[in-house]
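Listing of final-v4.cif; format and content: mmCIF, C-alpha atoms and all ligand atoms.
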```
data_protein
#
loop_
_atom_site.label_atom_id
_atom_site.label_comp_id
_atom_site.auth_asym_id
_atom_site.auth_seq_id
_atom_site.Cartn_x
_atom_site.Cartn_y
_atom_site.Cartn_z
CA MET Y 20 20.88 17.40 7.64
CA THR Y 21 21.15 13.67 8.28
CA HIS Y 22 17.85 11.80 8.47
CA LYS Y 23 17.50 8.73 10.68
CA VAL Y 24 15.46 6.05 8.91
CA THR Y 25 14.53 2.54 9.99
CA LEU Y 26 15.20 -0.08 7.32
CA ILE Y 27 13.16 -3.31 7.48
CA PRO Y 28 14.48 -5.46 4.61
CA GLY Y 29 11.58 -7.96 4.79
CA ASP Y 30 11.69 -11.50 3.44
CA GLY Y 31 11.31 -13.29 0.10
CA ILE Y 32 12.40 -10.69 -2.48
CA GLY Y 33 12.32 -7.99 0.25
CA PRO Y 34 16.07 -7.81 0.99
CA GLU Y 35 16.95 -7.49 -2.73
CA VAL Y 36 14.48 -4.74 -3.57
CA SER Y 37 15.20 -2.91 -0.30
CA LEU Y 38 18.92 -2.94 -1.05
CA ALA Y 39 18.29 -1.58 -4.56
CA ALA Y 40 16.06 1.20 -3.16
CA LYS Y 41 18.54 2.08 -0.42
CA ARG Y 42 21.37 2.38 -2.94
CA CYS Y 43 19.27 4.62 -5.22
CA ILE Y 44 18.18 6.85 -2.33
CA GLU Y 45 21.79 7.23 -1.15
CA ALA Y 46 22.89 8.05 -4.69
CA THR Y 47 20.74 11.21 -4.62
CA GLY Y 48 23.19 12.61 -2.06
CA VAL Y 49 20.63 12.84 0.74
CA LYS Y 50 22.28 11.91 4.02
CA ILE Y 51 20.58 9.03 5.77
CA GLU Y 52 21.62 7.09 8.84
CA TRP Y 53 19.88 3.73 8.43
CA GLU Y 54 18.87 1.66 11.42
CA GLU Y 55 18.34 -1.87 10.14
CA VAL Y 56 15.92 -4.09 12.05
CA VAL Y 57 14.57 -7.50 11.18
CA ALA Y 58 10.93 -8.61 11.00
CA GLY Y 59 9.22 -11.61 9.43
CA GLU Y 60 10.68 -15.09 8.96
CA ALA Y 61 14.25 -13.91 9.55
CA ALA Y 62 13.23 -12.48 12.94
CA LEU Y 63 11.48 -15.73 13.87
CA LYS Y 64 14.83 -17.52 13.61
CA ASP Y 65 16.79 -14.94 15.63
CA TYR Y 66 14.23 -13.58 18.12
CA GLY Y 67 11.55 -16.30 18.28
CA GLU Y 68 8.90 -13.83 17.09
CA VAL Y 69 8.02 -12.30 13.72
CA LEU Y 70 7.64 -8.76 14.97
CA PRO Y 71 10.22 -8.04 17.71
CA LYS Y 72 9.56 -4.97 19.89
CA LYS Y 73 12.84 -3.55 18.56
CA VAL Y 74 11.18 -2.99 15.15
CA ILE Y 75 8.27 -0.96 16.51
CA ASP Y 76 10.56 0.97 18.90
CA SER Y 77 12.90 1.86 16.05
CA VAL Y 78 10.10 3.29 13.86
CA LYS Y 79 8.62 5.15 16.84
CA LYS Y 80 12.02 6.72 17.46
CA ASN Y 81 13.00 7.53 13.87
CA LYS Y 82 9.43 8.32 12.65
CA VAL Y 83 10.24 7.09 9.14
CA ALA Y 84 10.87 3.59 7.78
CA LEU Y 85 11.52 1.91 4.45
CA LYS Y 86 10.14 -1.61 4.49
CA GLY Y 87 10.44 -4.62 2.20
CA PRO Y 88 7.51 -7.03 1.82
CA ILE Y 89 6.97 -9.74 4.43
CA ILE Y 90 5.39 -13.18 3.87
CA THR Y 91 2.03 -13.97 5.47
CA PRO Y 92 1.24 -17.70 5.41
CA ILE Y 93 -2.24 -18.39 3.96
CA GLY Y 94 -4.82 -19.84 6.36
CA LYS Y 95 -2.27 -20.96 9.01
CA GLY Y 96 0.79 -19.79 10.94
CA PHE Y 97 1.36 -16.20 12.04
CA ARG Y 98 -0.93 -13.28 11.23
CA SER Y 99 0.28 -10.57 8.87
CA VAL Y 100 3.36 -8.73 10.16
CA ASN Y 101 2.57 -5.99 7.64
CA VAL Y 102 -0.86 -5.41 9.14
CA ALA Y 103 0.56 -5.66 12.70
CA ILE Y 104 3.11 -2.89 11.98
CA ARG Y 105 0.35 -0.59 10.61
CA HIS Y 106 -1.79 -1.27 13.69
CA ALA Y 107 1.00 -0.91 16.26
CA LEU Y 108 2.01 2.49 14.85
CA ASP Y 109 -1.52 3.64 13.95
CA LEU Y 110 -0.51 4.21 10.34
CA TYR Y 111 -4.10 4.79 9.41
CA ALA Y 112 -3.71 5.96 5.81
CA CYS Y 113 -2.34 3.82 3.02
CA LEU Y 114 -1.40 5.99 0.07
CA ARG Y 115 -0.83 4.26 -3.26
CA PRO Y 116 -0.32 6.34 -6.38
CA ALA Y 117 -0.98 4.53 -9.68
CA LYS Y 118 0.74 6.50 -12.40
CA SER Y 119 1.60 5.52 -16.00
CA TYR Y 120 5.24 5.78 -16.98
CA PRO Y 121 6.07 5.91 -20.71
CA GLY Y 122 7.90 2.77 -21.79
CA VAL Y 123 6.03 0.47 -19.43
CA LYS Y 124 3.73 -1.76 -21.43
CA SER Y 125 0.09 -1.54 -20.43
CA GLN Y 126 -3.35 -1.54 -22.03
CA TYR Y 127 -3.84 2.00 -20.70
CA LYS Y 128 -2.20 5.40 -21.09
CA ASP Y 129 -1.92 8.44 -18.85
CA ILE Y 130 -3.25 6.82 -15.72
CA ASP Y 131 -2.87 9.12 -12.73
CA LEU Y 132 -4.89 7.71 -9.85
CA VAL Y 133 -4.28 7.80 -6.12
CA ILE Y 134 -5.64 5.13 -3.80
CA VAL Y 135 -6.26 6.25 -0.21
CA ARG Y 136 -6.99 3.07 1.73
CA GLU Y 137 -8.15 3.04 5.35
CA ASN Y 138 -5.56 0.94 7.15
CA SER Y 139 -6.81 0.34 10.68
CA GLU Y 140 -10.12 -1.52 10.62
CA ASP Y 141 -12.64 -3.39 8.42
CA LEU Y 142 -12.26 -7.14 7.82
CA TYR Y 143 -8.51 -6.53 8.08
CA ALA Y 144 -8.79 -5.82 11.83
CA GLY Y 145 -7.91 -9.48 12.42
CA ILE Y 146 -10.97 -10.29 14.58
CA GLU Y 147 -11.72 -13.83 13.52
CA PHE Y 148 -13.39 -16.87 15.04
CA GLU Y 149 -12.40 -20.35 13.92
CA ASN Y 150 -14.90 -23.02 12.86
CA GLY Y 151 -15.80 -25.33 15.75
CA GLN Y 152 -14.22 -23.33 18.61
CA PRO Y 153 -16.33 -22.72 21.76
CA GLN Y 154 -16.10 -18.90 21.34
CA THR Y 155 -17.39 -19.26 17.77
CA LYS Y 156 -20.36 -21.28 18.98
CA ASP Y 157 -21.10 -18.65 21.66
CA LEU Y 158 -20.85 -15.88 19.10
CA ILE Y 159 -23.16 -17.68 16.66
CA ALA Y 160 -25.72 -18.21 19.42
CA GLN Y 161 -25.48 -14.54 20.41
CA ILE Y 162 -25.83 -13.30 16.81
CA GLU Y 163 -28.81 -15.58 16.20
CA LYS Y 164 -30.45 -14.21 19.35
CA LEU Y 165 -29.78 -10.56 18.47
CA SER Y 166 -30.44 -10.63 14.74
CA ALA Y 167 -33.03 -13.39 14.40
CA LYS Y 168 -30.97 -14.75 11.50
CA SER Y 169 -29.45 -18.22 11.41
CA ILE Y 170 -25.80 -19.07 10.81
CA ARG Y 171 -24.64 -22.60 9.97
CA PRO Y 172 -22.98 -24.15 13.06
CA ASP Y 173 -19.90 -25.14 11.04
CA SER Y 174 -19.12 -21.50 10.16
CA ALA Y 175 -16.01 -19.44 10.77
CA ILE Y 176 -16.66 -15.74 11.39
CA SER Y 177 -14.69 -12.56 10.58
CA ILE Y 178 -15.78 -9.27 12.08
CA LYS Y 179 -15.96 -6.08 10.02
CA PRO Y 180 -15.71 -3.04 12.30
CA ILE Y 181 -16.06 0.33 10.55
CA SER Y 182 -16.13 3.39 12.80
CA GLN Y 183 -17.25 6.96 12.23
CA PHE Y 184 -13.94 8.17 13.69
CA ALA Y 185 -11.70 6.17 11.33
CA SER Y 186 -13.93 6.83 8.30
CA GLU Y 187 -13.95 10.61 8.86
CA ARG Y 188 -10.20 10.55 9.54
CA ILE Y 189 -9.39 8.77 6.25
CA ALA Y 190 -11.84 10.93 4.29
CA ARG Y 191 -10.17 14.07 5.66
CA PHE Y 192 -6.76 12.65 4.75
CA ALA Y 193 -7.98 12.13 1.16
CA PHE Y 194 -9.39 15.66 0.85
CA GLU Y 195 -6.33 17.28 2.44
CA TYR Y 196 -4.11 15.30 0.08
CA ALA Y 197 -6.25 16.51 -2.84
CA LEU Y 198 -5.77 20.13 -1.76
CA LYS Y 199 -2.03 19.71 -1.22
CA GLU Y 200 -1.46 17.97 -4.55
CA ASN Y 201 -3.90 20.16 -6.48
CA ARG Y 202 -6.20 17.28 -7.36
CA LYS Y 203 -9.79 17.77 -8.38
CA LYS Y 204 -11.95 14.86 -7.24
CA VAL Y 205 -12.33 12.37 -4.40
CA THR Y 206 -14.48 9.26 -4.99
CA ALA Y 207 -15.58 7.17 -2.01
CA VAL Y 208 -15.83 3.47 -2.87
CA HIS Y 209 -18.17 1.26 -0.83
CA LYS Y 210 -20.90 -1.38 -0.85
CA ALA Y 211 -23.38 0.64 1.20
CA ASN Y 212 -26.36 -0.76 -0.71
CA ILE Y 213 -25.73 -4.17 0.91
CA MET Y 214 -23.72 -3.38 4.04
CA LYS Y 215 -25.96 -0.55 5.10
CA PHE Y 216 -24.47 -0.06 8.55
CA THR Y 217 -20.72 -0.56 8.05
CA ASP Y 218 -20.18 0.70 4.50
CA GLY Y 219 -23.18 2.98 5.02
CA LEU Y 220 -21.32 4.67 7.88
CA PHE Y 221 -18.17 4.92 5.77
CA LEU Y 222 -20.10 6.65 2.98
CA GLU Y 223 -22.00 8.92 5.35
CA SER Y 224 -18.70 9.95 7.02
CA CYS Y 225 -17.10 10.73 3.64
CA ARG Y 226 -20.15 12.79 2.64
CA LYS Y 227 -19.94 14.72 5.92
CA VAL Y 228 -16.24 15.52 5.50
CA ALA Y 229 -16.81 16.44 1.82
CA GLN Y 230 -19.02 19.32 3.00
CA ASP Y 231 -15.88 21.09 4.27
CA TYR Y 232 -14.36 21.04 0.79
CA VAL Y 233 -17.32 22.15 -1.35
CA GLY Y 234 -16.07 24.38 -4.16
CA LYS Y 235 -12.50 23.15 -3.67
CA VAL Y 236 -12.59 19.40 -4.30
CA GLU Y 237 -15.40 17.54 -6.08
CA PHE Y 238 -16.88 14.53 -4.28
CA THR Y 239 -18.51 11.46 -5.82
CA ASP Y 240 -19.10 7.91 -4.67
CA ALA Y 241 -19.26 4.52 -6.38
CA ILE Y 242 -20.25 0.99 -5.43
CA VAL Y 243 -17.14 -1.19 -5.37
CA ASP Y 244 -18.21 -3.73 -8.01
CA ASN Y 245 -19.23 -0.96 -10.38
CA MET Y 246 -15.94 0.82 -9.58
CA CYS Y 247 -14.00 -2.24 -10.80
CA MET Y 248 -15.79 -2.06 -14.13
CA GLN Y 249 -15.40 1.72 -14.37
CA LEU Y 250 -11.67 1.45 -13.68
CA VAL Y 251 -11.25 -1.10 -16.46
CA GLN Y 252 -13.39 0.89 -18.93
CA LYS Y 253 -12.56 4.54 -18.17
CA PRO Y 254 -9.89 4.91 -15.48
CA ASN Y 255 -9.04 8.43 -16.59
CA ASP Y 256 -12.41 9.65 -15.23
CA TYR Y 257 -11.12 9.14 -11.69
CA ASP Y 258 -8.61 10.96 -9.53
CA ILE Y 259 -8.40 10.06 -5.81
CA LEU Y 260 -10.23 6.97 -4.54
CA VAL Y 261 -10.90 6.65 -0.81
CA LEU Y 262 -11.79 3.14 0.37
CA PRO Y 263 -12.22 0.95 3.43
CA ASN Y 264 -9.35 -1.44 4.08
CA LEU Y 265 -10.32 -4.59 2.13
CA TYR Y 266 -11.61 -2.86 -1.02
CA GLY Y 267 -8.50 -0.67 -0.90
CA ASP Y 268 -6.30 -3.75 -0.89
CA ILE Y 269 -8.07 -5.29 -3.87
CA ILE Y 270 -8.45 -2.11 -5.94
CA SER Y 271 -4.74 -1.31 -5.37
CA ASP Y 272 -3.76 -4.43 -7.28
CA LEU Y 273 -6.31 -3.64 -10.00
CA CYS Y 274 -4.76 -0.19 -10.37
CA ALA Y 275 -1.25 -1.72 -10.39
CA GLY Y 276 -2.51 -3.76 -13.36
CA LEU Y 277 -3.61 -0.58 -15.14
CA ILE Y 278 -0.10 0.88 -14.98
CA GLY Y 279 1.82 -2.22 -16.01
CA GLY Y 280 2.02 -4.47 -12.99
CA LEU Y 281 3.09 -4.82 -9.38
CA GLY Y 282 6.72 -4.20 -10.28
CA ILE Y 283 6.15 -0.46 -10.43
CA ALA Y 284 3.37 0.17 -7.86
CA SER Y 285 4.63 2.18 -4.88
CA GLY Y 286 3.05 2.96 -1.52
CA ALA Y 287 3.19 4.52 1.92
CA ASN Y 288 1.50 3.90 5.26
CA ILE Y 289 1.05 7.21 7.02
CA GLY Y 290 0.06 8.09 10.57
CA LYS Y 291 -0.18 11.30 12.57
CA ASP Y 292 3.57 11.83 12.87
CA MET Y 293 5.26 8.82 11.29
CA ALA Y 294 5.26 6.80 8.08
CA VAL Y 295 6.40 3.46 6.67
CA PHE Y 296 7.11 3.27 2.95
CA GLU Y 297 6.65 -0.02 1.08
CA ALA Y 298 5.77 -1.34 -2.37
CA VAL Y 299 2.27 -2.65 -3.10
CA HIS Y 300 3.67 -6.06 -4.06
CA GLY Y 301 4.37 -8.93 -1.69
CA SER Y 302 7.43 -11.07 -1.07
CA ALA Y 303 7.08 -13.16 -4.29
CA PRO Y 304 8.86 -16.13 -2.63
CA LYS Y 305 9.48 -18.01 -5.88
CA TYR Y 306 11.84 -15.23 -7.03
CA ALA Y 307 13.66 -14.81 -3.69
CA GLY Y 308 17.44 -14.56 -3.92
CA LYS Y 309 17.48 -14.65 -7.73
CA ASN Y 310 18.31 -10.97 -8.37
CA LYS Y 311 15.50 -11.06 -10.92
CA VAL Y 312 12.52 -8.96 -9.80
CA ASN Y 313 11.81 -5.35 -10.57
CA PRO Y 314 13.10 -2.91 -7.93
CA THR Y 315 11.06 0.05 -9.30
CA ALA Y 316 8.13 -0.25 -6.87
CA MET Y 317 10.49 -0.08 -3.89
CA ILE Y 318 12.55 2.71 -5.45
CA LEU Y 319 9.39 4.76 -6.14
CA SER Y 320 8.31 4.10 -2.53
CA GLY Y 321 11.70 5.63 -1.69
CA VAL Y 322 10.73 8.66 -3.81
CA LEU Y 323 7.58 9.02 -1.68
CA MET Y 324 9.79 8.75 1.41
CA LEU Y 325 12.13 11.48 0.19
CA ARG Y 326 9.11 13.77 -0.37
CA TYR Y 327 7.89 12.99 3.16
CA LEU Y 328 11.36 13.95 4.45
CA LYS Y 329 10.96 17.22 2.50
CA GLU Y 330 13.87 16.27 0.22
CA ASP Y 331 11.92 17.32 -2.87
CA LYS Y 332 14.93 17.93 -5.09
CA ALA Y 333 16.33 14.47 -4.41
CA ALA Y 334 12.88 12.90 -4.86
CA GLN Y 335 12.49 14.62 -8.23
CA ALA Y 336 15.99 13.61 -9.36
CA LEU Y 337 15.36 9.96 -8.44
CA GLU Y 338 11.92 9.84 -10.07
CA THR Y 339 13.29 11.40 -13.24
CA ALA Y 340 16.11 8.83 -13.35
CA VAL Y 341 13.58 5.99 -12.95
CA LYS Y 342 11.39 7.52 -15.69
CA GLU Y 343 14.34 7.71 -18.08
CA ILE Y 344 15.34 4.09 -17.52
CA LEU Y 345 11.73 2.93 -17.96
CA ALA Y 346 11.34 5.00 -21.14
CA GLU Y 347 14.59 3.61 -22.62
CA GLY Y 348 13.45 0.06 -21.78
CA LYS Y 349 17.02 -1.29 -22.05
CA SER Y 350 18.35 -1.79 -18.50
CA VAL Y 351 15.10 -3.15 -17.12
CA THR Y 352 14.02 -6.42 -15.49
CA TYR Y 353 12.24 -9.25 -17.33
CA ASP Y 354 8.72 -8.06 -16.44
CA LEU Y 355 9.24 -4.77 -18.30
CA LYS Y 356 10.46 -6.38 -21.52
CA PRO Y 357 8.03 -7.12 -24.38
CA ARG Y 358 8.68 -10.83 -23.75
CA ARG Y 359 9.37 -12.23 -20.29
CA ASP Y 360 12.16 -14.50 -21.62
CA ASP Y 361 13.94 -11.59 -23.33
CA PRO Y 362 17.67 -12.33 -22.90
CA SER Y 363 18.50 -8.61 -22.72
CA SER Y 364 16.64 -8.15 -19.40
CA VAL Y 365 18.87 -7.20 -16.47
CA GLY Y 366 18.84 -8.16 -12.79
CA THR Y 367 17.45 -6.24 -9.82
CA GLN Y 368 20.77 -4.65 -8.81
CA GLU Y 369 21.79 -3.95 -12.42
CA MET Y 370 18.57 -2.00 -12.98
CA ALA Y 371 19.32 -0.04 -9.81
CA ASP Y 372 22.88 0.62 -11.12
CA ALA Y 373 21.43 2.02 -14.36
CA ILE Y 374 19.05 4.29 -12.40
CA ILE Y 375 21.90 5.49 -10.18
CA LYS Y 376 23.94 6.45 -13.26
CA LYS Y 377 21.03 8.63 -14.46
CA ILE Y 378 20.59 10.59 -11.21
CA LYS Y 379 21.49 14.24 -11.72
CA LYS Y 380 22.55 15.89 -8.49
P1 LIG H 1 3.27 -10.95 -4.64
O1 LIG H 1 3.03 -9.50 -4.87
O2 LIG H 1 4.37 -11.30 -3.72
O3 LIG H 1 3.60 -11.67 -6.02
C1 LIG H 1 2.65 -11.97 -7.02
C2 LIG H 1 3.35 -11.98 -8.37
O4 LIG H 1 3.56 -10.65 -8.79
C3 LIG H 1 4.75 -12.60 -8.36
O5 LIG H 1 4.73 -13.99 -8.50
C4 LIG H 1 5.39 -11.90 -9.53
O6 LIG H 1 5.02 -12.52 -10.73
C5 LIG H 1 4.77 -10.51 -9.47
N1 LIG H 1 5.63 -9.56 -8.75
C6 LIG H 1 5.52 -9.13 -7.47
N2 LIG H 1 6.48 -8.26 -7.18
C7 LIG H 1 7.22 -8.13 -8.29
C8 LIG H 1 8.38 -7.37 -8.63
N3 LIG H 1 8.97 -6.54 -7.76
N4 LIG H 1 8.90 -7.49 -9.88
C9 LIG H 1 8.33 -8.30 -10.77
N5 LIG H 1 7.24 -9.05 -10.53
C10 LIG H 1 6.69 -8.96 -9.30
O7 LIG H 1 1.89 -11.58 -4.14
P2 LIG H 1 1.57 -12.99 -3.50
O8 LIG H 1 2.28 -14.08 -4.25
O9 LIG H 1 0.09 -13.00 -3.40
O10 LIG H 1 2.13 -12.89 -2.03
C11 LIG H 1 3.37 -13.45 -1.61
C12 LIG H 1 3.53 -13.17 -0.13
O11 LIG H 1 3.67 -11.77 0.11
C13 LIG H 1 2.33 -13.62 0.72
O12 LIG H 1 2.81 -14.23 1.89
C14 LIG H 1 1.59 -12.32 1.01
O13 LIG H 1 0.85 -12.36 2.18
C15 LIG H 1 2.76 -11.35 1.12
N6 LIG H 1 2.39 -9.93 0.87
C16 LIG H 1 3.07 -9.02 1.61
C17 LIG H 1 2.81 -7.67 1.38
C18 LIG H 1 3.56 -6.66 2.21
O14 LIG H 1 4.60 -6.99 2.75
N7 LIG H 1 3.08 -5.45 2.34
C19 LIG H 1 1.91 -7.27 0.39
C20 LIG H 1 1.28 -8.25 -0.37
C21 LIG H 1 1.53 -9.60 -0.13
#
```
Starting from the coordinates I provided, produce the structure as structure tokens.
Amino acid sequence: MTHKVTLIPGDGIGPEVSLAAKRCIEATGVKIEWEEVVAGEAALKDYGEVLPKKVIDSVKKNKVALKGPIITPIGKGFRSVNVAIRHALDLYACLRPAKSYPGVKSQYKDIDLVIVRENSEDLYAGIEFENGQPQTKDLIAQIEKLSAKSIRPDSAISIKPISQFASERIARFAFEYALKENRKKVTAVHKANIMKFTDGLFLESCRKVAQDYVGKVEFTDAIVDNMCMQLVQKPNDYDILVLPNLYGDIISDLCAGLIGGLGIASGANIGKDMAVFEAVHGSAPKYAGKNKVNPTAMILSGVLMLRYLKEDKAAQALETAVKEILAEGKSVTYDLKPRRDDPSSVGTQEMADAIIKKIKK
């Protein structure tokens, strides 16, 4: 069977790591008809917008996409294209496995965590009011009236919506994933002691859903600051973490650090009947076009994609090939060498070549 998959190369290092992942996926022998569409800075030049309708239409049609990272300017310019894609397609669950691979240097061993991040709301919903704007002044006046608390007039405001619907939906996703993957424990991460209504609702929703899995999957919860310390001190005590959007974003990078860095952290954004696969890392602009960065995170995102397409044999063959190359430590990029200036490090495409050679069909 030939699968139709949308390919969004992204910008910065996106096109290089996407190409490496595409080549590795094709080398498994799985038949894929790629539909390449452009988003981000490249689309701005050609279409006058960063997220042309063509991109969303293509994913809606094909139901599966492989996506490279896309730049989001800090504090100015366009809003995140990455977040816009997740919203437009209601890809409500962000799944990010953090797994140790022998050969990758790290302070930790045998990490096997899965981050399940809520993708549709929270401070990431993009509802923001700029300092000094008339709407911001109105909002401040309204909040002061309703809450009897004062806000400095020169404030900017971001809104944090957390709903019962989205919280129960992500909690159920985490528990169902636990059952499917034979995992033992789901931990809800929150700050419900301070944000009693928003994070409180998230926690309450997780507790409610957990009732349906009593005796099958254990449920615990942890306050996000304490979770950071726990993950640094005893990460092996945890299994699946379910989190609201912003904490999920931050803890994902922490977990990438536990397994040896962003170069190997893979991910997927999953909705009801479609999914977009992308690495945890961003577009690392300073390395763009240098054939230098590690393609593993994108290739492992491709492994997740192959599993989603029910191509388990190909997924296994590709993951095993990646594991072997990482364990050998020879044909790997600079970030996986004991020293970053190691002259024996190879380029992005050369690492992909080495992985391709290892794939057993
Ligand atoms: P980043 O992940 O792009 O890079 C941070 C650092 O991590 C890099 O300088 C590099 O040292 C290392 N790194 C990242 N990917 C690597 C790889 N494949 N191999 C080796 N080392 C790697 O984070 P940033 O600098 O904070 O963000 C750059 C841009 O990417 C921003 O515009 C940001 O908004 C965007 N971003 C996009 C996504 C996405 O597309 N989903 C995710 C995160 C950040």
Nearest to Ile170 (chain Y), restricted to only C-alpha atoms and choosing among Y:Asn212, Y:Thr206, Y:Thr315, Y:Asn150, comes out as Y:Asn150
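CA of Ile51 (chain Y) lies 4.7 Å from CA of His22 (chain Y).
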Distance query region 119-131 of chain Y at most 8 Å, all atoms listed in the file, self and fewer than 5 positions along chain excluded, as a PDB file with C-alpha atoms, in the frame of the given file:
```
ATOM      1  CA  PRO Y 254      -9.890   4.910 -15.480  1.00  0.00           C
ATOM      2  CA  ASN Y 255      -9.040   8.430 -16.590  1.00  0.00           C
ATOM      3  CA  ASP Y 258      -8.610  10.960  -9.530  1.00  0.00           C
ATOM      4  CA  GLY Y 276      -2.510  -3.760 -13.360  1.00  0.00           C
ATOM      5  CA  LEU Y 277      -3.610  -0.580 -15.140  1.00  0.00           C
ATOM      6  CA  ILE Y 278      -0.100   0.880 -14.980  1.00  0.00           C
ATOM      7  CA  GLY Y 279       1.820  -2.220 -16.010  1.00  0.00           C
ATOM      8  CA  LYS Y 342      11.390   7.520 -15.690  1.00  0.00           C
ATOM      9  CA  LEU Y 345      11.730   2.930 -17.960  1.00  0.00           C
ATOM     10  CA  ALA Y 346      11.340   5.000 -21.140  1.00  0.00           C
ATOM     11  CA  GLU Y 347      14.590   3.610 -22.620  1.00  0.00           C
ATOM     12  CA  GLY Y 348      13.450   0.060 -21.780  1.00  0.00           C
ATOM     13  CA  LEU Y 355       9.240  -4.770 -18.300  1.00  0.00           C
ATOM     14  CA  PRO Y 357       8.030  -7.120 -24.380  1.00  0.00           C
TER      15      PRO Y 357
END
```
Padding 6 Å on each side, edges along x, y and z: where is the centre of the box around the listed atoms of ligand LIG 1 (chain H), and how long are its edges in Å to one decimal? Output it as AutoDock Vina command-line options.
```
--center_x 4.5 --center_y -9.8 --center_z -4.0 --size_x 20.9 --size_y 20.8 --size_z 25.5
```
Worksheet entry | Test item: residues no farther than 6 Å from ligand LIG 1 (chain H), counting all atoms listed in the file, as a list in words | Pro88, Ile89, Ile90, Thr91, Pro92, Asn101, Leu281, Gly282, Val299, His300, Gly301, Ser302, Ala303, Val312, Asn313, Pro314 and Asp354 of chain Y
Q | Nearest-residue call for Lys118 (chain Y), choices Y:Cys225, Y:Ala284, Y:Val351, Y:Val322, using all atoms listed in the file | A |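 That would be Y:Ala284, the residue with the smallest distance to Lys118 (chain Y).
Within the 9 Å cut-off around Thr339 (chain Y), using only C-alpha atoms and omitting residues fewer than 5 positions from it on the same chain, the listed residues are Ala334, Ile344, Lys377, Ile378 and Lys379 of chain Y.
Across Y:Ala275, Y:Ala298, Y:Ala144, Y:Ile176, the tightest approach to Lys156 (chain Y) is made by Y:Ile176 when counting all atoms listed in the file.
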Subject >> Within 12 Å of Gln335 (chain Y) using only C-alpha atoms, minus same-chain residues under 2 positions, as a PyMOL selection string >> reply: chain Y and resi 44+47+319+321-326+329-333+337-342+378-380
Practice task
Dump as a list of chain:residue names all residues having an atom at most 8 Å from (-21.9, 7.7, -3.5), computed in the file's coordinates with only C-alpha atoms.
Solution key: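 I get Y:Thr206, Y:Ala207, Y:Val208, Y:His209, Y:Leu222, Y:Thr239, Y:Asp240, Y:Ala241, Y:Ile242 for the residues within 8 Å of that point.
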Given the selection you just returned, output its residues as a file containing C-alpha atoms, formatted as an mmCIF file, keeping the file's coordinate frame.
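Saved the output as part31.cif:
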```cif
data_model
loop_
_atom_site.group_PDB
_atom_site.id
_atom_site.type_symbol
_atom_site.label_atom_id
_atom_site.label_comp_id
_atom_site.auth_asym_id
_atom_site.auth_seq_id
_atom_site.Cartn_x
_atom_site.Cartn_y
_atom_site.Cartn_z
ATOM 1 C CA THR Y 206 -14.480 9.260 -4.990
ATOM 2 C CA ALA Y 207 -15.580 7.170 -2.010
ATOM 3 C CA VAL Y 208 -15.830 3.470 -2.870
ATOM 4 C CA HIS Y 209 -18.170 1.260 -0.830
ATOM 5 C CA LEU Y 222 -20.100 6.650 2.980
ATOM 6 C CA THR Y 239 -18.510 11.460 -5.820
ATOM 7 C CA ASP Y 240 -19.100 7.910 -4.670
ATOM 8 C CA ALA Y 241 -19.260 4.520 -6.380
ATOM 9 C CA ILE Y 242 -20.250 0.990 -5.430
#
```
(message) So that I can see what lies close to Tyr306 (chain Y), please list as a ChimeraX atom specification the residues with an atom at most 12 Å from it, counting all atoms listed in the file and leaving out residues fewer than 6 positions away in the same chain.
(response) /Y:30-36,312-313,353,366-367
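Between CA of Trp53 (chain Y) and CA of Met370 (chain Y) there is a distance of 22.2 Å.
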From the set Y:Ala39, Y:Gly87, Y:Gly67, Y:Leu262, which residue has the shortest atom-to-atom contact distance to Gln368 (chain Y), counting only C-alpha atoms?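 Closest residue, counting only C-alpha atoms: Y:Ala39.
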Quick check, in Å to one decimal: how far apart do CA of Arg136 (chain Y) and CA of Ile270 (chain Y) lie?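 Distance between the two atoms: 9.4 Å.
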List the spatial neighbours of Ala211 (chain Y) as an MDAnalysis selection string - criterion: any atom at most 9 Å away, all atoms listed in the file, same-chain residues fewer than 2 positions off excluded. chainID Y and resid 209 213:222 242
For the selection you just gave me, I'd like the residues written to a file as a tab-separated table (two decimals), in the coordinates of the input, keeping C-alpha atoms.
```
chain	number	residue	atom	x	y	z
Y	209	HIS	CA	-18.17	1.26	-0.83
Y	213	ILE	CA	-25.73	-4.17	0.91
Y	214	MET	CA	-23.72	-3.38	4.04
Y	215	LYS	CA	-25.96	-0.55	5.10
Y	216	PHE	CA	-24.47	-0.06	8.55
Y	217	THR	CA	-20.72	-0.56	8.05
Y	218	ASP	CA	-20.18	0.70	4.50
Y	219	GLY	CA	-23.18	2.98	5.02
Y	220	LEU	CA	-21.32	4.67	7.88
Y	221	PHE	CA	-18.17	4.92	5.77
Y	222	LEU	CA	-20.10	6.65	2.98
Y	242	ILE	CA	-20.25	0.99	-5.43
```
TODO: Can you work out which one of Y:Leu85, Y:Asp256, Y:Val100, Y:Asp231 has the shortest atom-to-atom distance to Tyr327 (chain Y), counting all atoms listed in the file?
DONE: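 Distance minimum relative to Tyr327 (chain Y) lands on Y:Leu85.
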